[in-house]
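Undergrad: For reference, this is work-v5.tsv, and it has TSV, C-alpha atoms.
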chain	number	residue	atom	x	y	z
A	110	MET	CA	17.02	-25.28	2.11
A	111	LYS	CA	17.02	-21.49	1.88
A	112	PRO	CA	16.54	-20.48	-1.78
A	113	PHE	CA	16.97	-16.75	-1.11
A	114	GLY	CA	19.92	-17.07	1.25
A	115	GLN	CA	20.35	-16.92	5.01
A	116	VAL	CA	19.95	-13.14	5.32
A	117	ILE	CA	16.54	-13.07	3.60
A	118	TYR	CA	15.53	-16.17	5.54
A	119	VAL	CA	16.30	-14.48	8.86
A	120	LEU	CA	14.97	-11.08	7.77
A	121	GLY	CA	11.78	-12.69	6.46
A	122	GLY	CA	9.56	-12.24	9.52
A	123	SER	CA	10.24	-8.53	9.91
A	124	LEU	CA	10.16	-8.04	6.16
A	125	VAL	CA	6.75	-9.68	5.73
A	126	GLN	CA	5.42	-7.78	8.75
A	127	ILE	CA	6.15	-4.54	6.89
A	128	ILE	CA	5.73	-5.56	3.22
A	129	LEU	CA	2.23	-7.03	3.61
A	130	PRO	CA	0.57	-3.82	4.86
A	131	VAL	CA	2.63	-1.70	2.43
A	132	ALA	CA	1.46	-3.90	-0.47
A	133	LEU	CA	-2.13	-3.54	0.73
A	134	LEU	CA	-1.57	0.22	1.00
A	135	VAL	CA	-0.41	0.38	-2.63
A	136	VAL	CA	-3.33	-1.70	-3.90
A	137	THR	CA	-5.83	0.24	-1.82
A	138	TRP	CA	-4.40	3.57	-2.95
A	139	MET	CA	-4.73	2.52	-6.59
A	140	GLN	CA	-8.31	1.27	-6.21
A	141	ARG	CA	-9.93	3.30	-3.42
A	142	GLU	CA	-7.75	6.22	-2.43
A	143	ARG	CA	-10.02	7.22	0.45
A	144	GLN	CA	-9.49	3.86	2.14
A	145	ALA	CA	-5.66	4.09	2.03
A	146	PRO	CA	-5.27	5.50	5.57
A	147	TYR	CA	-6.27	2.14	7.08
A	148	PRO	CA	-3.41	0.04	5.63
A	149	ALA	CA	-1.08	3.05	6.00
A	150	PHE	CA	-1.74	3.07	9.72
A	151	TRP	CA	-1.23	-0.71	9.84
A	152	ALA	CA	2.12	-0.36	8.01
A	153	GLY	CA	3.23	2.33	10.46
A	154	GLU	CA	2.18	0.26	13.44
A	155	SER	CA	4.07	-2.73	12.05
A	156	MET	CA	7.19	-0.62	11.62
A	157	ILE	CA	6.93	0.58	15.21
A	158	ASN	CA	6.68	-3.05	16.38
A	159	VAL	CA	9.69	-4.07	14.26
A	160	SER	CA	11.68	-1.15	15.69
A	161	VAL	CA	11.21	-2.57	19.20
A	162	TYR	CA	12.58	-5.93	18.01
A	163	ILE	CA	15.54	-4.22	16.31
A	164	ALA	CA	16.36	-2.18	19.43
A	165	ASP	CA	16.33	-5.37	21.50
A	166	ALA	CA	19.10	-6.98	19.44
A	167	PRO	CA	22.05	-6.08	21.74
A	168	GLU	CA	20.31	-7.12	24.99
A	169	ARG	CA	17.96	-9.86	23.68
A	170	LYS	CA	15.53	-9.33	26.55
A	171	LEU	CA	12.33	-9.88	24.57
A	172	LYS	CA	10.80	-13.30	24.98
A	173	LEU	CA	10.74	-15.15	21.66
A	174	ILE	CA	7.70	-17.20	20.66
A	175	ALA	CA	9.38	-20.56	21.25
A	176	PRO	CA	12.41	-21.81	23.19
A	177	GLY	CA	15.59	-22.33	21.22
A	178	LEU	CA	14.91	-19.66	18.60
A	179	LYS	CA	17.56	-17.15	17.68
A	180	HIS	CA	16.96	-13.40	17.77
A	181	ASP	CA	16.76	-12.38	14.10
A	182	TRP	CA	18.15	-8.90	14.52
A	183	TYR	CA	20.93	-10.09	16.82
A	184	TRP	CA	22.03	-12.44	14.04
A	185	LEU	CA	21.61	-9.79	11.31
A	186	LEU	CA	23.55	-7.13	13.25
A	187	SER	CA	25.98	-9.44	15.02
A	188	ASP	CA	28.99	-7.72	13.43
A	189	ASN	CA	27.67	-4.26	14.30
A	190	LEU	CA	25.30	-4.33	17.27
A	191	GLU	CA	25.87	-0.61	17.84
A	192	ALA	CA	23.78	-0.02	14.69
A	193	ALA	CA	20.70	-1.52	16.34
A	194	GLU	CA	19.69	1.64	18.19
A	195	PRO	CA	20.02	4.11	15.30
A	196	LEU	CA	18.32	1.68	12.92
A	197	ALA	CA	15.49	1.15	15.40
A	198	VAL	CA	15.06	4.92	15.78
A	199	ILE	CA	14.83	5.37	12.00
A	200	VAL	CA	12.30	2.55	11.60
A	201	TYR	CA	10.31	3.92	14.55
A	202	ALA	CA	10.31	7.46	13.13
A	203	VAL	CA	9.13	6.28	9.70
A	204	GLY	CA	6.43	4.18	11.40
A	205	MET	CA	5.25	7.15	13.47
A	206	LEU	CA	5.18	9.38	10.39
A	207	LEU	CA	3.05	6.78	8.61
A	208	CYS	CA	0.65	6.53	11.55
A	209	VAL	CA	0.33	10.30	11.93
A	210	GLY	CA	0.02	10.76	8.16
A	211	ALA	CA	-2.66	8.07	8.01
A	212	PHE	CA	-4.58	9.74	10.84
A	213	VAL	CA	-4.36	13.15	9.14
A	214	ALA	CA	-5.46	11.62	5.81
A	215	PHE	CA	-8.37	9.88	7.52
A	216	ILE	CA	-9.54	13.17	9.05
A	217	PHE	CA	-9.07	14.96	5.72
A	218	PHE	CA	-11.14	12.38	3.82
A	219	ALA	CA	-13.81	12.31	6.54
A	220	ILE	CA	-14.19	16.11	6.39
A	221	ALA	CA	-14.22	16.08	2.58
A	222	ASP	CA	-16.91	13.37	2.56
A	223	TYR	CA	-18.98	15.28	5.13
A	224	ARG	CA	-18.75	18.50	3.10
A	225	ALA	CA	-19.67	16.63	-0.08
A	226	SER	CA	-22.73	15.12	1.61
A	227	GLU	CA	-23.86	18.55	2.84
A	228	ALA	CA	-23.72	20.09	-0.63
Would you write the structure of this file as C-alpha coordinates?
TA:
Amino acid sequence: MKPFGQVIYVLGGSLVQIILPVALLVVTWMQRERQAPYPAFWAGESMINVSVYIADAPERKLKLIAPGLKHDWYWLLSDNLEAAEPLAVIVYAVGMLLCVGAFVAFIFFAIADYRASEA
(Lines of atoms letter the chains of each structure in order from A and count residues from 1; the text may use other names and numbers.)
(Lines give C-alpha, C1' and ligand atoms only; values in the text may rest on other atoms or scores of the structure.)
Protein backbone atom coordinates (compact mmCIF):
# COMPACT_ATOMS: atom_id res chain seq x y z
CA MET A 1 0.00 0.00 0.00
CA LYS A 2 1.34 3.40 -1.01
CA PRO A 3 -0.64 6.10 0.84
CA PHE A 4 1.07 9.00 -0.94
CA GLY A 5 0.98 7.49 -4.42
CA GLN A 6 3.51 5.75 -6.63
CA VAL A 7 5.46 8.89 -7.57
CA ILE A 8 6.17 9.89 -3.96
CA TYR A 9 6.92 6.25 -3.14
CA VAL A 10 9.56 6.07 -5.88
CA LEU A 11 10.87 9.59 -5.27
CA GLY A 12 11.10 8.91 -1.52
CA GLY A 13 14.74 7.85 -1.31
CA SER A 14 16.11 10.86 -3.16
CA LEU A 15 13.63 13.14 -1.43
CA VAL A 16 14.60 12.01 2.07
CA GLN A 17 18.29 12.21 1.15
CA ILE A 18 17.81 15.92 0.48
CA ILE A 19 14.99 16.86 2.90
CA LEU A 20 16.68 15.48 6.03
CA PRO A 21 19.79 17.68 5.85
CA VAL A 22 17.71 20.67 4.69
CA ALA A 23 15.40 20.23 7.70
CA LEU A 24 18.44 20.03 9.97
CA LEU A 25 19.81 23.15 8.27
CA VAL A 26 16.59 25.06 9.02
CA VAL A 27 16.50 23.95 12.66
CA THR A 28 20.19 24.67 13.13
CA TRP A 29 19.88 28.09 11.51
CA MET A 30 17.02 28.98 13.86
CA GLN A 31 18.83 27.79 16.99
CA ARG A 32 22.56 28.22 16.37
CA GLU A 33 23.20 30.21 13.23
CA ARG A 34 26.96 29.72 13.41
CA GLN A 35 26.55 25.94 13.16
CA ALA A 36 24.40 26.10 9.99
CA PRO A 37 27.30 25.58 7.54
CA TYR A 38 27.62 21.93 8.63
CA PRO A 39 24.13 20.76 7.61
CA ALA A 40 24.26 23.14 4.61
CA PHE A 41 27.34 21.32 3.35
CA TRP A 42 25.64 17.97 4.00
CA ALA A 43 22.56 19.10 2.02
CA GLY A 44 24.77 20.20 -0.88
CA GLU A 45 26.70 16.95 -0.83
CA SER A 46 23.44 14.99 -0.83
CA MET A 47 22.20 16.97 -3.83
CA ILE A 48 25.41 16.24 -5.70
CA ASN A 49 24.97 12.52 -4.98
CA VAL A 50 21.33 12.60 -6.13
CA SER A 51 22.39 14.38 -9.33
CA VAL A 52 24.63 11.43 -10.21
CA TYR A 53 21.67 9.07 -9.78
CA ILE A 54 19.44 11.32 -11.90
CA ALA A 55 22.03 11.53 -14.68
CA ASP A 56 22.29 7.74 -14.72
CA ALA A 57 18.59 7.28 -15.52
CA PRO A 58 18.94 6.86 -19.32
CA GLU A 59 21.86 4.39 -19.15
CA ARG A 60 21.16 2.72 -15.77
CA LYS A 61 24.83 1.82 -15.31
CA LEU A 62 24.99 2.40 -11.55
CA LYS A 63 24.80 -0.74 -9.48
CA LEU A 64 21.70 -0.71 -7.28
CA ILE A 65 21.89 -1.92 -3.68
CA ALA A 66 20.03 -5.18 -4.35
CA PRO A 67 19.23 -7.29 -7.41
CA GLY A 68 15.79 -6.85 -8.92
CA LEU A 69 15.34 -3.22 -7.89
CA LYS A 70 14.17 -0.65 -10.38
CA HIS A 71 16.06 2.58 -11.04
CA ASP A 72 13.92 5.28 -9.41
CA TRP A 73 14.81 8.07 -11.79
CA TYR A 74 14.43 5.83 -14.84
CA TRP A 75 10.87 5.14 -13.71
CA LEU A 76 10.18 8.80 -12.83
CA LEU A 77 11.53 10.11 -16.15
CA SER A 78 10.52 7.16 -18.32
CA ASP A 79 8.35 9.37 -20.55
CA ASN A 80 11.10 11.99 -20.90
CA LEU A 81 14.56 10.51 -20.37
CA GLU A 82 16.12 13.45 -22.22
CA ALA A 83 15.26 15.57 -19.15
CA ALA A 84 17.60 13.53 -16.97
CA GLU A 85 20.76 15.38 -17.96
CA PRO A 86 19.46 18.95 -17.58
CA LEU A 87 17.74 18.06 -14.31
CA ALA A 88 20.93 16.44 -13.02
CA VAL A 89 22.94 19.54 -13.96
CA ILE A 90 20.51 21.80 -12.08
CA VAL A 91 20.54 19.60 -8.96
CA TYR A 92 24.34 19.38 -9.16
CA ALA A 93 24.71 23.17 -9.52
CA VAL A 94 22.44 23.86 -6.54
CA GLY A 95 24.36 21.27 -4.52
CA MET A 96 27.70 22.85 -5.43
CA LEU A 97 26.40 26.31 -4.55
CA LEU A 98 25.29 24.99 -1.16
CA CYS A 99 28.67 23.38 -0.53
CA VAL A 100 30.62 26.47 -1.57
CA GLY A 101 28.25 28.74 0.37
CA ALA A 102 28.60 26.54 3.45
CA PHE A 103 32.39 26.64 3.17
CA VAL A 104 32.39 30.44 2.79
CA ALA A 105 29.99 30.78 5.76
CA PHE A 106 32.19 28.49 7.85
CA ILE A 107 35.26 30.63 7.09
CA PHE A 108 33.29 33.81 7.79
CA PHE A 109 32.07 32.56 11.18
CA ALA A 110 35.52 31.23 12.08
CA ILE A 111 37.13 34.60 11.34
CA ALA A 112 34.38 36.46 13.21
CA ASP A 113 34.82 34.18 16.25
CA TYR A 114 38.60 34.63 16.14
CA ARG A 115 38.28 38.42 15.97
CA ALA A 116 35.76 38.39 18.83
CA SER A 117 38.12 36.32 20.98
CA GLU A 118 41.01 38.72 20.30
CA ALA A 119 39.03 41.77 21.40
Undergrad: Between A:Leu185, A:Val198, A:Ala164, A:Ala225, single out the one closest to Leu120 (chain A), counting only C-alpha atoms.
TA: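 Closest residue, counting only C-alpha atoms: A:Leu185.
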Undergrad: For Tyr162 (chain A), which residue out of A:Asp222, A:Glu194, A:Glu142, A:Glu227 is the nearest one, using all atoms listed in the file?
TA: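 Looking at the shortest contact to Tyr162 (chain A), the residue is A:Glu194.
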Undergrad: Kindly give the distance, in Å, that separates CA of Phe218 (chain A) and CA of Gln144 (chain A), rounded to a single decimal.
TA: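 The value is 8.8 Å.
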Undergrad: Taking 4 positions as the minimum chain separation for residues in the same chain, which residues sit within 10 Å of Asn158 (chain A) when counting only C-alpha atoms? Answer as number ranges by chain.
TA: A: 123, 126-127, 152-154, 162-163, 197, 200-201, 204
Undergrad: Tell me, in Å to one decimal, how far CA of Ala192 (chain A) is from CA of Phe150 (chain A).
TA: 26.2 Å
Undergrad: Pick from A:Ile128, A:Val213, A:Cys208, A:Ala166: nearest to Leu196 (chain A), with all atoms listed in the file counted?
TA: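 Closest to Leu196 (chain A) of all the choices is A:Ala166.
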Undergrad: Pick the closest to Phe215 (chain A) from A:Ala202, A:Gln140, A:Leu129, A:Pro148: which is it, counting all atoms listed in the file?
TA: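 The shortest atom-to-atom distance to Phe215 (chain A) comes from A:Pro148.
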Undergrad: Quick one, how far is CA of Ala228 (chain A) from CA of Arg143 (chain A)?
TA: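 Answer for the CA of Ala228 (chain A) to CA of Arg143 (chain A) separation: 18.8 Å.
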Undergrad: Nearest to Val125 (chain A): which of A:Ala145, A:Met139, A:Ser187, A:Ser155 is it, counting all atoms listed in the file?
TA: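 The shortest atom-to-atom distance to Val125 (chain A) comes from A:Ser155.
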Undergrad: Using only C-alpha atoms, which residue out of A:Asp181, A:Phe217, A:Leu206, A:Ala193 lies closest to Ile117 (chain A)?
TA: A:Asp181
Undergrad: Please supply region 156-179 of chain A, rebuilt with N, CA and C atoms, as a PDB file, in the frame of the given file.
TA:
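Saved result, rebuild.pdb, follows:
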ATOM      1  N   MET A 156       5.817  -1.126  11.553  1.00  0.00           N
ATOM      2  CA  MET A 156       7.190  -0.620  11.620  1.00  0.00           C
ATOM      3  C   MET A 156       7.581  -0.275  13.058  1.00  0.00           C
ATOM      4  N   ILE A 157       6.647   0.276  13.804  1.00  0.00           N
ATOM      5  CA  ILE A 157       6.930   0.580  15.210  1.00  0.00           C
ATOM      6  C   ILE A 157       7.222  -0.717  15.968  1.00  0.00           C
ATOM      7  N   ASN A 158       6.446  -1.760  15.720  1.00  0.00           N
ATOM      8  CA  ASN A 158       6.680  -3.050  16.380  1.00  0.00           C
ATOM      9  C   ASN A 158       8.029  -3.642  15.990  1.00  0.00           C
ATOM     10  N   VAL A 159       8.391  -3.556  14.718  1.00  0.00           N
ATOM     11  CA  VAL A 159       9.690  -4.070  14.260  1.00  0.00           C
ATOM     12  C   VAL A 159      10.823  -3.268  14.901  1.00  0.00           C
ATOM     13  N   SER A 160      10.622  -1.972  15.091  1.00  0.00           N
ATOM     14  CA  SER A 160      11.680  -1.150  15.690  1.00  0.00           C
ATOM     15  C   SER A 160      11.996  -1.612  17.119  1.00  0.00           C
ATOM     16  N   VAL A 161      10.984  -2.061  17.842  1.00  0.00           N
ATOM     17  CA  VAL A 161      11.210  -2.570  19.200  1.00  0.00           C
ATOM     18  C   VAL A 161      12.087  -3.823  19.144  1.00  0.00           C
ATOM     19  N   TYR A 162      11.810  -4.688  18.184  1.00  0.00           N
ATOM     20  CA  TYR A 162      12.580  -5.930  18.010  1.00  0.00           C
ATOM     21  C   TYR A 162      14.022  -5.608  17.602  1.00  0.00           C
ATOM     22  N   ILE A 163      14.197  -4.617  16.731  1.00  0.00           N
ATOM     23  CA  ILE A 163      15.540  -4.220  16.310  1.00  0.00           C
ATOM     24  C   ILE A 163      16.317  -3.663  17.510  1.00  0.00           C
ATOM     25  N   ALA A 164      15.685  -2.794  18.279  1.00  0.00           N
ATOM     26  CA  ALA A 164      16.360  -2.180  19.430  1.00  0.00           C
ATOM     27  C   ALA A 164      16.756  -3.208  20.481  1.00  0.00           C
ATOM     28  N   ASP A 165      16.055  -4.317  20.517  1.00  0.00           N
ATOM     29  CA  ASP A 165      16.330  -5.370  21.500  1.00  0.00           C
ATOM     30  C   ASP A 165      17.526  -6.238  21.118  1.00  0.00           C
ATOM     31  N   ALA A 166      18.034  -6.099  19.921  1.00  0.00           N
ATOM     32  CA  ALA A 166      19.100  -6.980  19.440  1.00  0.00           C
ATOM     33  C   ALA A 166      20.315  -7.063  20.383  1.00  0.00           C
ATOM     34  N   PRO A 167      20.861  -5.957  20.871  1.00  0.00           N
ATOM     35  CA  PRO A 167      22.050  -6.080  21.740  1.00  0.00           C
ATOM     36  C   PRO A 167      21.760  -6.795  23.068  1.00  0.00           C
ATOM     37  N   GLU A 168      20.608  -6.544  23.668  1.00  0.00           N
ATOM     38  CA  GLU A 168      20.310  -7.120  24.990  1.00  0.00           C
ATOM     39  C   GLU A 168      19.581  -8.464  24.912  1.00  0.00           C
ATOM     40  N   ARG A 169      18.786  -8.638  23.868  1.00  0.00           N
ATOM     41  CA  ARG A 169      17.960  -9.860  23.680  1.00  0.00           C
ATOM     42  C   ARG A 169      17.115 -10.148  24.917  1.00  0.00           C
ATOM     43  N   LYS A 170      16.380  -9.153  25.376  1.00  0.00           N
ATOM     44  CA  LYS A 170      15.530  -9.330  26.550  1.00  0.00           C
ATOM     45  C   LYS A 170      14.098  -9.737  26.201  1.00  0.00           C
ATOM     46  N   LEU A 171      13.678  -9.494  24.971  1.00  0.00           N
ATOM     47  CA  LEU A 171      12.330  -9.880  24.570  1.00  0.00           C
ATOM     48  C   LEU A 171      12.190 -11.395  24.548  1.00  0.00           C
ATOM     49  N   LYS A 172      11.058 -11.857  25.002  1.00  0.00           N
ATOM     50  CA  LYS A 172      10.800 -13.300  24.980  1.00  0.00           C
ATOM     51  C   LYS A 172      10.388 -13.690  23.560  1.00  0.00           C
ATOM     52  N   LEU A 173      11.082 -14.673  23.002  1.00  0.00           N
ATOM     53  CA  LEU A 173      10.740 -15.150  21.660  1.00  0.00           C
ATOM     54  C   LEU A 173       9.577 -16.131  21.759  1.00  0.00           C
ATOM     55  N   ILE A 174       8.940 -16.414  20.637  1.00  0.00           N
ATOM     56  CA  ILE A 174       7.700 -17.200  20.660  1.00  0.00           C
ATOM     57  C   ILE A 174       7.906 -18.670  21.012  1.00  0.00           C
ATOM     58  N   ALA A 175       9.113 -19.158  20.910  1.00  0.00           N
ATOM     59  CA  ALA A 175       9.380 -20.560  21.250  1.00  0.00           C
ATOM     60  C   ALA A 175      10.811 -20.679  21.784  1.00  0.00           C
ATOM     61  N   PRO A 176      11.045 -21.623  22.682  1.00  0.00           N
ATOM     62  CA  PRO A 176      12.410 -21.810  23.190  1.00  0.00           C
ATOM     63  C   PRO A 176      13.344 -22.293  22.088  1.00  0.00           C
ATOM     64  N   GLY A 177      14.588 -21.874  22.167  1.00  0.00           N
ATOM     65  CA  GLY A 177      15.590 -22.330  21.220  1.00  0.00           C
ATOM     66  C   GLY A 177      15.684 -21.501  19.943  1.00  0.00           C
ATOM     67  N   LEU A 178      14.839 -20.511  19.789  1.00  0.00           N
ATOM     68  CA  LEU A 178      14.910 -19.660  18.600  1.00  0.00           C
ATOM     69  C   LEU A 178      16.018 -18.639  18.755  1.00  0.00           C
ATOM     70  N   LYS A 179      16.552 -18.211  17.621  1.00  0.00           N
ATOM     71  CA  LYS A 179      17.560 -17.150  17.680  1.00  0.00           C
ATOM     72  C   LYS A 179      16.890 -15.813  17.411  1.00  0.00           C
TER      73      LYS A 179
END
